[in-house]
file target.cif (mmCIF, C-alpha atoms)
data_protein
#
loop_
_atom_site.label_atom_id
_atom_site.label_comp_id
_atom_site.auth_asym_id
_atom_site.auth_seq_id
_atom_site.Cartn_x
_atom_site.Cartn_y
_atom_site.Cartn_z
CA MET A 1 73.97 2.77 109.74
CA GLY A 2 73.62 6.36 110.87
CA LEU A 3 76.48 8.72 111.57
CA THR A 4 75.64 8.83 115.29
CA SER A 5 75.04 5.10 115.74
CA ASN A 6 77.25 3.08 118.09
CA LYS A 7 77.70 0.44 115.38
CA VAL A 8 79.50 2.92 113.12
CA LEU A 9 81.71 4.02 116.01
CA VAL A 10 82.60 0.44 116.99
CA LEU A 11 83.33 -0.43 113.34
CA ALA A 12 85.63 2.59 112.96
CA VAL A 13 87.53 1.82 116.18
CA LEU A 14 87.83 -1.87 115.29
CA SER A 15 89.14 -0.94 111.82
CA ALA A 16 91.75 1.37 113.34
CA VAL A 17 92.94 -1.31 115.76
CA LEU A 18 93.12 -4.01 113.06
CA LEU A 19 94.95 -1.70 110.68
CA PHE A 20 97.48 -0.80 113.38
CA VAL A 21 98.10 -4.47 114.19
CA GLY A 22 98.31 -5.30 110.50
CA THR A 23 100.80 -2.48 109.90
CA VAL A 24 103.09 -3.74 112.68
CA TRP A 25 102.80 -7.33 111.41
CA LEU A 26 103.45 -6.50 107.74
CA TRP A 27 106.14 -3.88 108.27
CA PRO A 28 109.12 -6.28 107.91
CA ARG A 29 107.83 -7.38 104.51
CA LEU A 30 107.26 -3.77 103.45
CA ALA A 31 110.70 -2.61 104.60
CA ARG A 32 112.26 -3.52 101.28
CA ARG A 33 113.24 -1.30 98.42
CA GLY A 34 111.15 -1.01 95.32
CA TRP A 35 108.00 0.78 94.33
CA ARG A 36 105.71 -2.00 95.57
CA ALA A 37 107.14 -1.93 99.07
CA VAL A 38 107.09 1.89 99.20
CA GLY A 39 103.52 1.94 97.92
CA GLY A 40 102.55 -0.66 100.49
CA ARG A 41 104.03 1.38 103.34
CA ILE A 42 102.20 4.49 102.16
CA ALA A 43 98.92 2.57 101.83
CA VAL A 44 98.95 0.97 105.29
CA LEU A 45 100.08 4.19 107.03
CA LEU A 46 97.44 6.23 105.22
CA ALA A 47 94.69 3.69 105.92
CA THR A 48 95.62 3.55 109.62
CA GLN A 49 95.64 7.34 109.92
CA VAL A 50 92.26 7.66 108.17
CA ALA A 51 90.70 5.04 110.45
CA LEU A 52 92.17 6.73 113.52
CA PHE A 53 90.95 10.20 112.57
CA ALA A 54 87.53 8.77 111.65
CA SER A 55 87.27 7.17 115.10
CA VAL A 56 88.25 10.40 116.86
CA GLY A 57 85.82 12.39 114.70
CA LEU A 58 82.93 10.02 115.43
CA VAL A 59 83.64 10.17 119.17
CA ALA A 60 83.72 13.99 119.05
CA ASN A 61 80.50 14.11 117.03
CA GLN A 62 78.68 11.87 119.48
CA ALA A 63 79.94 13.97 122.41
CA PHE A 64 79.21 17.39 120.94
CA GLY A 65 76.44 16.74 118.39
CA PHE A 66 77.96 18.61 115.44
CA TYR A 67 76.15 16.64 112.72
CA ALA A 68 72.97 14.57 112.85
CA GLY A 69 73.60 12.30 109.87
CA TRP A 70 75.67 11.64 106.76
CA ALA A 71 73.71 14.12 104.64
CA ASP A 72 74.18 16.77 107.30
CA LEU A 73 77.93 16.06 107.42
CA PHE A 74 78.38 16.38 103.66
CA GLY A 75 76.12 19.43 103.33
CA ARG A 76 73.33 17.58 101.55
CA GLU A 77 70.69 17.92 104.27
CA THR A 78 67.48 19.13 102.66
CA GLY A 79 64.72 17.76 104.86
CA GLN A 80 64.73 20.67 107.30
CA GLY A 81 64.62 23.57 104.88
CA VAL A 82 62.06 26.24 104.16
CA VAL A 83 58.61 25.01 103.15
CA VAL A 84 56.74 27.07 100.55
CA ASP A 85 53.01 26.31 100.45
CA HIS A 86 51.79 27.04 96.88
CA ASP A 87 48.31 25.53 97.02
CA GLY A 88 47.14 26.65 100.47
CA ALA A 89 46.36 23.08 101.50
CA ASP A 90 45.93 22.29 105.18
CA THR A 91 49.13 20.80 106.63
CA GLY A 92 47.27 19.22 109.54
CA GLY A 93 48.36 21.78 112.12
CA PRO A 94 51.60 23.62 112.86
CA LEU A 95 52.96 20.90 115.18
CA ARG A 96 52.93 17.15 114.70
CA VAL A 97 54.27 14.50 117.10
CA VAL A 98 56.25 11.85 115.22
CA ASP A 99 57.81 9.84 118.07
CA THR A 100 58.07 9.59 121.86
CA GLN A 101 60.84 8.45 124.20
CA GLN A 102 61.33 8.17 127.91
CA VAL A 103 63.46 10.45 130.05
CA ASN A 104 66.67 8.93 131.41
CA VAL A 105 65.64 9.04 135.08
CA ALA A 106 64.42 6.49 137.61
CA GLY A 107 60.89 5.44 136.64
CA GLY A 108 61.30 7.14 133.29
CA ALA A 109 59.21 4.52 131.49
CA ARG A 110 56.11 5.99 133.14
CA PRO A 111 55.31 9.57 132.01
CA ARG A 112 53.64 10.38 135.35
CA VAL A 113 56.97 9.67 137.06
CA GLY A 114 59.66 10.60 134.55
CA GLY A 115 57.84 12.85 132.12
CA GLN A 116 58.20 12.28 128.40
CA ILE A 117 60.21 13.51 125.41
CA GLN A 118 58.27 13.94 122.18
CA LYS A 119 59.94 14.34 118.81
CA VAL A 120 57.90 16.81 116.78
CA GLU A 121 57.82 18.53 113.41
CA ILE A 122 56.92 22.23 113.46
CA VAL A 123 55.79 24.26 110.43
CA GLY A 124 55.52 28.02 110.86
CA ARG A 125 52.12 29.40 109.89
CA THR A 126 53.53 32.72 108.64
CA THR A 127 57.15 31.96 107.75
CA ARG A 128 56.51 28.48 106.29
CA ILE A 129 59.74 27.35 107.92
CA ALA A 130 59.76 23.67 108.89
CA SER A 131 61.99 22.40 111.68
CA PRO A 132 62.19 19.33 113.93
CA ALA A 133 62.39 19.64 117.72
CA TYR A 134 62.28 17.61 120.90
CA VAL A 135 59.69 18.61 123.51
CA TYR A 136 60.20 17.60 127.13
CA LEU A 137 56.98 17.36 129.16
CA PRO A 138 57.44 17.16 132.95
CA PRO A 139 55.76 14.39 135.00
CA GLU A 140 53.15 16.85 136.31
CA TYR A 141 51.87 17.28 132.75
CA PHE A 142 50.52 13.71 132.91
CA GLN A 143 49.27 13.69 136.49
CA PRO A 144 45.47 13.98 137.00
CA GLU A 145 45.71 16.68 139.67
CA TYR A 146 47.48 18.96 137.15
CA ARG A 147 45.18 18.26 134.18
CA THR A 148 43.95 21.87 134.00
CA ARG A 149 47.28 23.50 134.82
CA THR A 150 49.39 25.34 132.28
CA PHE A 151 53.19 25.30 132.36
CA PRO A 152 55.95 27.77 131.47
CA ALA A 153 57.90 26.91 128.34
CA VAL A 154 61.60 27.31 127.63
CA VAL A 155 63.04 27.18 124.12
CA VAL A 156 66.50 25.56 124.22
CA LEU A 157 68.82 26.15 121.25
CA THR A 158 72.04 24.39 120.23
CA GLY A 159 75.07 26.04 118.73
CA TYR A 160 75.94 25.86 115.03
CA PRO A 161 75.74 23.39 113.38
CA GLY A 162 74.53 21.35 116.37
CA THR A 163 71.74 18.79 116.65
CA ALA A 164 68.61 18.90 118.79
CA GLU A 165 69.39 15.36 119.91
CA ALA A 166 72.58 16.64 121.58
CA LEU A 167 70.49 18.75 123.96
CA VAL A 168 68.91 15.52 125.23
CA LYS A 169 71.83 13.08 125.15
CA GLY A 170 74.85 15.37 125.48
CA LEU A 171 73.70 18.29 127.61
CA HIS A 172 70.97 16.40 129.52
CA PHE A 173 68.45 19.25 129.63
CA PRO A 174 65.38 17.03 130.31
CA ARG A 175 67.11 15.06 133.06
CA THR A 176 68.40 18.25 134.71
CA ALA A 177 64.99 19.94 134.55
CA HIS A 178 63.38 16.82 136.04
CA THR A 179 65.89 16.70 138.92
CA LEU A 180 65.55 20.40 139.74
CA ALA A 181 61.74 20.21 139.83
CA ARG A 182 61.80 17.01 141.89
CA ASP A 183 64.09 18.66 144.45
CA GLY A 184 61.95 21.81 144.60
CA LYS A 185 64.67 24.01 143.06
CA ALA A 186 62.69 24.87 139.92
CA GLN A 187 59.09 24.71 138.79
CA PRO A 188 58.01 22.07 136.25
CA MET A 189 58.64 23.45 132.77
CA ILE A 190 58.11 22.38 129.17
CA LEU A 191 61.35 22.43 127.17
CA VAL A 192 61.32 22.91 123.39
CA MET A 193 64.76 21.76 122.22
CA MET A 194 65.98 22.47 118.71
CA ARG A 195 68.77 23.86 116.58
CA PRO A 196 68.78 27.53 115.54
CA THR A 197 69.70 26.46 112.02
CA VAL A 198 66.25 26.39 110.40
CA ALA A 199 67.54 26.33 106.80
CA PRO A 200 70.58 23.99 106.92
CA PRO A 201 73.35 24.04 106.04
CA ARG A 202 73.10 27.84 106.16
CA ASP A 203 73.71 29.56 109.49
CA THR A 204 70.96 32.19 109.60
CA GLU A 205 71.91 33.56 113.05
CA CYS A 206 68.18 33.93 113.87
CA VAL A 207 67.92 36.80 111.38
CA ASP A 208 64.99 37.63 109.09
CA VAL A 209 67.10 37.38 105.94
CA PRO A 210 65.77 39.67 103.18
CA ARG A 211 64.29 37.46 100.46
CA GLY A 212 65.40 34.49 102.55
CA PRO A 213 64.41 32.48 105.63
CA ARG A 214 62.63 34.61 108.23
CA ALA A 215 64.35 32.86 111.13
CA GLU A 216 63.73 35.55 113.77
CA SER A 217 60.01 35.66 113.01
CA PHE A 218 59.86 31.88 113.22
CA PHE A 219 61.25 31.86 116.77
CA ALA A 220 59.39 35.00 117.89
CA GLU A 221 55.97 34.23 116.40
CA ASP A 222 55.48 30.83 114.78
CA LEU A 223 57.21 28.65 117.36
CA PRO A 224 55.32 29.97 120.44
CA ASP A 225 52.08 29.84 118.41
CA ALA A 226 52.59 26.21 117.37
CA VAL A 227 53.65 24.99 120.81
CA GLY A 228 50.93 27.00 122.55
CA HIS A 229 48.22 25.47 120.37
CA HIS A 230 49.38 21.92 120.98
CA TYR A 231 50.47 21.93 124.64
CA ARG A 232 49.19 23.45 127.88
CA VAL A 233 51.52 26.45 127.96
CA GLY A 234 50.82 29.65 129.89
CA LYS A 235 49.30 32.38 127.74
CA LYS A 236 50.88 35.42 129.37
CA PRO A 237 54.10 36.96 127.99
CA GLY A 238 55.88 35.93 131.19
CA SER A 239 55.33 32.25 130.41
CA TRP A 240 58.15 31.93 127.88
CA GLY A 241 61.93 31.88 128.24
CA ILE A 242 64.79 30.97 125.92
CA VAL A 243 68.23 29.42 126.51
CA GLY A 244 71.06 28.61 124.12
CA ASP A 245 74.76 27.88 123.86
CA SER A 246 77.23 29.57 121.51
CA THR A 247 75.22 30.57 118.41
CA GLY A 248 72.09 29.53 120.28
CA GLY A 249 73.18 31.76 123.16
CA TYR A 250 73.48 34.76 120.86
CA CYS A 251 70.03 33.96 119.44
CA ALA A 252 68.54 33.60 122.94
CA LEU A 253 69.80 37.02 124.03
CA LYS A 254 68.76 38.69 120.80
CA LEU A 255 65.25 37.20 120.80
CA ALA A 256 64.68 38.19 124.43
CA MET A 257 65.89 41.74 123.71
CA HIS A 258 64.01 42.17 120.43
CA HIS A 259 60.80 40.47 121.65
CA PRO A 260 60.44 41.04 125.42
CA ARG A 261 56.66 40.57 125.23
CA VAL A 262 57.30 37.02 124.01
CA TYR A 263 60.35 36.01 126.03
CA ALA A 264 60.45 37.19 129.63
CA ALA A 265 63.97 35.82 130.06
CA GLY A 266 66.87 34.84 127.83
CA ALA A 267 70.07 33.02 128.80
CA GLY A 268 73.19 32.82 126.65
CA LEU A 269 75.77 30.17 127.54
CA SER A 270 79.11 31.27 126.03
CA PRO A 271 77.34 33.67 123.67
CA TYR A 272 78.71 36.24 121.32
CA TYR A 273 77.02 39.60 120.82
CA LYS A 274 77.09 40.34 117.10
CA ALA A 275 76.04 38.21 114.13
CA PRO A 276 79.10 37.09 112.17
CA SER A 277 79.44 37.23 108.41
CA ASP A 278 81.30 34.28 106.89
CA VAL A 279 80.96 31.38 104.47
CA THR A 280 78.37 29.67 106.68
CA THR A 281 76.07 32.70 106.93
CA GLY A 282 76.36 34.22 103.49
CA ASP A 283 75.01 37.74 103.12
CA LEU A 284 72.45 37.89 105.93
CA PHE A 285 71.52 41.55 105.59
CA GLN A 286 71.51 42.22 101.84
CA GLY A 287 72.72 45.80 102.36
CA ASN A 288 70.08 46.57 105.01
CA LYS A 289 72.04 48.70 107.49
CA THR A 290 69.26 48.76 110.11
CA LEU A 291 69.00 44.98 110.09
CA ARG A 292 72.77 44.68 110.42
CA ASN A 293 72.89 47.15 113.32
CA GLU A 294 70.05 45.49 115.22
CA ALA A 295 71.89 42.15 115.01
CA ASP A 296 74.65 43.81 117.07
CA LEU A 297 73.45 43.61 120.69
CA PHE A 298 75.78 46.41 121.84
CA TRP A 299 74.36 48.70 119.16
CA TYR A 300 70.83 47.68 120.10
CA LEU A 301 71.37 48.61 123.75
CA ARG A 302 72.73 52.03 122.77
CA HIS A 303 70.13 52.98 120.17
CA ARG A 304 66.87 51.23 121.05
CA PRO A 305 64.62 51.49 124.13
CA ALA A 306 65.75 49.16 126.91
CA PRO A 307 63.65 45.97 126.75
CA ASP A 308 61.72 44.81 129.82
CA THR A 309 63.30 41.38 130.03
CA SER A 310 65.79 39.41 132.13
CA LEU A 311 69.13 38.30 130.65
CA LEU A 312 71.74 35.81 131.81
CA VAL A 313 75.22 35.49 130.28
CA THR A 314 77.99 33.01 131.04
CA SER A 315 81.73 32.94 130.45
CA SER A 316 85.04 31.82 131.97
CA LYS A 317 88.02 33.85 133.09
CA GLN A 318 90.27 31.31 131.40
CA GLY A 319 89.30 29.35 128.32
CA GLU A 320 86.52 31.46 126.80
CA ALA A 321 87.13 33.99 124.03
CA ASN A 322 84.04 36.02 125.00
CA TYR A 323 85.15 36.90 128.54
CA ARG A 324 85.98 40.59 127.98
CA ALA A 325 82.98 41.12 125.70
CA THR A 326 80.74 39.54 128.34
CA LEU A 327 81.99 41.88 131.07
CA LYS A 328 81.40 44.82 128.72
CA PHE A 329 77.87 43.58 127.94
CA ILE A 330 77.07 43.23 131.65
CA GLU A 331 78.20 46.80 132.37
CA GLN A 332 76.21 48.19 129.46
CA VAL A 333 73.01 46.37 130.43
CA LYS A 334 73.32 47.53 134.06
CA GLU A 335 72.81 51.09 132.81
CA LYS A 336 69.63 50.22 130.88
CA GLU A 337 66.59 49.87 133.12
CA PRO A 338 64.25 48.01 133.07
CA THR A 339 66.50 45.35 131.49
CA ARG A 340 67.91 43.04 134.16
CA ILE A 341 71.23 41.18 133.88
CA SER A 342 72.72 38.19 135.71
CA SER A 343 75.85 36.18 135.02
CA ILE A 344 77.72 32.94 135.65
CA ILE A 345 81.49 33.41 135.45
CA LEU A 346 83.65 30.31 135.89
CA ASP A 347 87.34 30.44 136.73
CA ILE A 348 88.20 27.91 134.01
CA GLY A 349 86.02 26.52 131.26
CA GLY A 350 86.27 26.10 127.50
CA HIS A 351 83.73 26.48 124.73
CA ASN A 352 82.38 22.95 125.11
CA PHE A 353 79.73 20.60 126.51
CA ASN A 354 81.58 19.99 129.77
CA THR A 355 81.52 23.70 130.58
CA TRP A 356 77.87 24.09 129.65
CA ARG A 357 76.82 21.07 131.72
CA ARG A 358 78.32 22.88 134.73
CA GLU A 359 76.20 25.96 133.96
CA ILE A 360 72.88 24.40 132.95
CA PRO A 361 71.48 23.56 136.43
CA ALA A 362 71.95 27.12 137.69
CA THR A 363 70.63 28.48 134.37
CA LEU A 364 67.41 26.45 134.51
CA GLN A 365 66.93 27.40 138.16
CA TRP A 366 67.44 31.07 137.24
CA ILE A 367 65.01 31.04 134.34
CA SER A 368 62.40 29.11 136.34
CA GLY A 369 62.29 31.92 138.87
CA ARG A 370 61.48 34.45 136.14
CA LEU A 371 58.63 32.66 134.38
CA SER A 372 54.93 32.44 135.13
CA ASP A 373 52.86 29.27 134.66
CA ARG A 374 49.67 31.19 133.84
#

call {"tool": "encode", "arguments": {"input": "target.cif", "output": "structure tokens"}}
result
Amino acid sequence: MGLTSNKVLVLAVLSAVLLFVGTVWLWPRLARRGWRAVGGRIAVLLATQVALFASVGLVANQAFGFYAGWADLFGRETGQGVVVDHDGADTGGPLRVVDTQQVNVAGGARPRVGGQIQKVEIVGRTTRIASPAYVYLPPEYFQPEYRTRTFPAVVVLTGYPGTAEALVKGLHFPRTAHTLARDGKAQPMILVMMRPTVAPPRDTECVDVPRGPRAESFFAEDLPDAVGHHYRVGKKPGSWGIVGDSTGGYCALKLAMHHPRVYAAGAGLSPYYKAPSDVTTGDLFQGNKTLRNEADLFWYLRHRPAPDTSLLVTSSKQGEANYRATLKFIEQVKEKEPTRISSIILDIGGHNFNTWRREIPATLQWISGRLSDR
């Protein structure tokens, strides 16, 4: 049974309830003196606490998508690492569809009505990075009258550690995009949903790590190339946008600023503005001062030409640690034409899914208005 399965959650909750009832029932017998009674009290209290915390942890993981499976939880995830091709053999293309699922909307069983979500495996042609993703295709993609039409594409990134599945089930990106397009508030768009962690468990912060994973190049070059070869995506630079939350928000802003000819718009939900250095990242820059400086978005705005791209940042006056930094970033970008800046500032909102779900509809509507379908 997988970490995110409902069976595991039900089993954990049931165990906690039974242990609590058993503790209450057995307590009179364990209220005696002696090492056996003391040991028994310790055992039942400890078992109940473990079951309770396990239940709370599983609920939180299902709500926020921190870990995709047991191997991911215990740091043993190896299936999504960097692929090194030693023999030059053909991998069968940079993108492979491995599964399909319907969108959770009325009529979702029919792609022409609800669109479709495809689970894919992507292998970078130049970086040799392999990563899974979910691709949302709007209903128009399957309708005969649109068979020659291309669509804008939006890369959607989770935070760290995050799971791509959480973007579908927790943050409801496909359902929101479908509703906005149906109501005429946004154009039909292809969404490429994935985690920014392309070499788990390491947090690469979308950096081209010297002698390590070239994460930035993967998102700036390989990903658009793979998706563009497999799906009907617009070929002009204005056809691509990128959105992310937390770590994904930092990556979205950085990629749009560093690669404006690839990403015409970048939106950061609760982003930060400088790559951290901690136990999850390791040494990202290997002493390369230029690389370190360019990972600081404030430094980049001061010392590099202003990129011709549109940026959106979000924060909350109460509940978000990035509020003051976000106001500073907005003021600095306003002085740097032709870079354009927009914002969503809530009165109250924490660094969590509930806050981001309140920001996603306006974010998708904003990015839709800045992308071309040609």

call {"tool": "atom_distance", "arguments": {"input": "target.cif", "atom1": "CA of Leu255 in chain A", "atom2": "CA of Pro139 in chain A"}}
result
28.5 Å

call {"tool": "atom_distance", "arguments": {"input": "target.cif", "atom1": "CA of Pro271 in chain A", "atom2": "CA of Asp245 in chain A"}}
result
6.3 Å

call {"tool": "resolve_selection", "arguments": {"input": "target.cif", "expression": "the PyMOL selection byres ((chain A and resi 199-204) around 6)", "output": "ChimeraX atom specification"}}
result
/A:81,197-198,205-207,280-281

call {"tool": "write_last_selection", "arguments": {"input": "target.cif", "atoms": "C-alpha atoms", "output": "PDB file, in the coordinates of the input"}}
result
ATOM      1  CA  GLY A  81      64.620  23.570 104.880  1.00  0.00           C
ATOM      2  CA  THR A 197      69.700  26.460 112.020  1.00  0.00           C
ATOM      3  CA  VAL A 198      66.250  26.390 110.400  1.00  0.00           C
ATOM      4  CA  GLU A 205      71.910  33.560 113.050  1.00  0.00           C
ATOM      5  CA  CYS A 206      68.180  33.930 113.870  1.00  0.00           C
ATOM      6  CA  VAL A 207      67.920  36.800 111.380  1.00  0.00           C
ATOM      7  CA  THR A 280      78.370  29.670 106.680  1.00  0.00           C
ATOM      8  CA  THR A 281      76.070  32.700 106.930  1.00  0.00           C
TER       9      THR A 281
END

call {"tool": "residues_around", "arguments": {"input": "target.cif", "residues": "Ala47 in chain A", "least_positions_apart": "6", "cutoff": "10 Å", "atoms": "all atoms listed in the file", "output": "list in words"}}
result
Ser15, Ala16, Leu19, Phe20, Thr23 and Arg41 of chain A

call {"tool": "resolve_selection", "arguments": {"input": "target.cif", "expression": "the PyMOL selection byres ((chain A and resi 352-367) around 8)", "output": "list of chain:residue names"}}
result
A:Ala63, A:Phe64, A:Gly170, A:Leu171, A:His172, A:Phe173, A:Thr176, A:Ala177, A:Leu180, A:Lys185, A:Ala186, A:Gly241, A:Asp245, A:Ala265, A:Gly266, A:Ala267, A:Leu269, A:Leu312, A:Thr314, A:Ile344, A:Gly349, A:Gly350, A:His351, A:Ser368, A:Gly369, A:Arg370, A:Leu371

call {"tool": "write_last_selection", "arguments": {"input": "target.cif", "atoms": "C-alpha atoms", "output": "PDB file, in the frame of the given file"}}
result
ATOM      1  CA  ALA A  63      79.940  13.970 122.410  1.00  0.00           C
ATOM      2  CA  PHE A  64      79.210  17.390 120.940  1.00  0.00           C
ATOM      3  CA  GLY A 170      74.850  15.370 125.480  1.00  0.00           C
ATOM      4  CA  LEU A 171      73.700  18.290 127.610  1.00  0.00           C
ATOM      5  CA  HIS A 172      70.970  16.400 129.520  1.00  0.00           C
ATOM      6  CA  PHE A 173      68.450  19.250 129.630  1.00  0.00           C
ATOM      7  CA  THR A 176      68.400  18.250 134.710  1.00  0.00           C
ATOM      8  CA  ALA A 177      64.990  19.940 134.550  1.00  0.00           C
ATOM      9  CA  LEU A 180      65.550  20.400 139.740  1.00  0.00           C
ATOM     10  CA  LYS A 185      64.670  24.010 143.060  1.00  0.00           C
ATOM     11  CA  ALA A 186      62.690  24.870 139.920  1.00  0.00           C
ATOM     12  CA  GLY A 241      61.930  31.880 128.240  1.00  0.00           C
ATOM     13  CA  ASP A 245      74.760  27.880 123.860  1.00  0.00           C
ATOM     14  CA  ALA A 265      63.970  35.820 130.060  1.00  0.00           C
ATOM     15  CA  GLY A 266      66.870  34.840 127.830  1.00  0.00           C
ATOM     16  CA  ALA A 267      70.070  33.020 128.800  1.00  0.00           C
ATOM     17  CA  LEU A 269      75.770  30.170 127.540  1.00  0.00           C
ATOM     18  CA  LEU A 312      71.740  35.810 131.810  1.00  0.00           C
ATOM     19  CA  THR A 314      77.990  33.010 131.040  1.00  0.00           C
ATOM     20  CA  ILE A 344      77.720  32.940 135.650  1.00  0.00           C
ATOM     21  CA  GLY A 349      86.020  26.520 131.260  1.00  0.00           C
ATOM     22  CA  GLY A 350      86.270  26.100 127.500  1.00  0.00           C
ATOM     23  CA  HIS A 351      83.730  26.480 124.730  1.00  0.00           C
ATOM     24  CA  SER A 368      62.400  29.110 136.340  1.00  0.00           C
ATOM     25  CA  GLY A 369      62.290  31.920 138.870  1.00  0.00           C
ATOM     26  CA  ARG A 370      61.480  34.450 136.140  1.00  0.00           C
ATOM     27  CA  LEU A 371      58.630  32.660 134.380  1.00  0.00           C
TER      28      LEU A 371
END

call {"tool": "atom_distance", "arguments": {"input": "target.cif", "atom1": "CA of Pro188 in chain A", "atom2": "CA of Gly107 in chain A"}}
result
16.9 Å

call {"tool": "resolve_selection", "arguments": {"input": "target.cif", "expression": "the PyMOL selection byres ((chain A and resi 126) around 10)", "output": "number ranges by chain"}}
result
A: 123-125, 127-129, 214, 217-218, 221-222

call {"tool": "closest_residue", "arguments": {"input": "target.cif", "among": "A:Leu311, A:Ala325, A:Val10, A:Val24", "to": "Tyr273 in chain A", "atoms": "all atoms listed in the file"}}
result
A:Ala325

call {"tool": "build_atoms", "arguments": {"input": "target.cif", "residues": "range 37-43 of chain A", "atoms": "all heavy atoms", "output": "short mmCIF file (atom, residue, chain, number, x, y, z; two decimals), in the frame of the given file"}}
result
data_model
loop_
_atom_site.label_atom_id
_atom_site.label_comp_id
_atom_site.auth_asym_id
_atom_site.auth_seq_id
_atom_site.Cartn_x
_atom_site.Cartn_y
_atom_site.Cartn_z
N ALA A 37 106.98 -2.03 97.61
CA ALA A 37 107.14 -1.93 99.07
C ALA A 37 106.85 -0.51 99.56
O ALA A 37 106.18 -0.31 100.58
CB ALA A 37 108.56 -2.34 99.47
N VAL A 38 107.36 0.49 98.82
CA VAL A 38 107.09 1.89 99.20
C VAL A 38 105.60 2.18 99.13
O VAL A 38 105.01 2.80 100.03
CB VAL A 38 107.89 2.85 98.29
CG1 VAL A 38 107.46 4.29 98.55
CG2 VAL A 38 109.39 2.69 98.53
N GLY A 39 104.97 1.74 98.06
CA GLY A 39 103.52 1.94 97.92
C GLY A 39 102.75 1.24 99.03
O GLY A 39 101.75 1.77 99.54
N GLY A 40 103.21 0.06 99.40
CA GLY A 40 102.55 -0.66 100.49
C GLY A 40 102.65 0.08 101.81
O GLY A 40 101.68 0.16 102.57
N ARG A 41 103.86 0.62 102.09
CA ARG A 41 104.03 1.38 103.34
C ARG A 41 103.12 2.61 103.36
O ARG A 41 102.48 2.91 104.37
CB ARG A 41 105.50 1.79 103.49
CG ARG A 41 106.44 0.63 103.75
CD ARG A 41 107.78 1.10 104.30
NE ARG A 41 108.53 1.92 103.38
CZ ARG A 41 109.41 1.46 102.50
NH1 ARG A 41 109.61 0.14 102.39
NH2 ARG A 41 110.10 2.29 101.73
N ILE A 42 103.08 3.30 102.24
CA ILE A 42 102.20 4.49 102.16
C ILE A 42 100.74 4.09 102.37
O ILE A 42 100.00 4.74 103.10
CB ILE A 42 102.38 5.19 100.80
CG1 ILE A 42 103.78 5.80 100.70
CG2 ILE A 42 101.32 6.27 100.61
CD1 ILE A 42 104.10 6.37 99.32
N ALA A 43 100.33 2.99 101.76
CA ALA A 43 98.92 2.57 101.83
C ALA A 43 98.52 2.21 103.25
O ALA A 43 97.48 2.65 103.75
CB ALA A 43 98.69 1.39 100.89
#
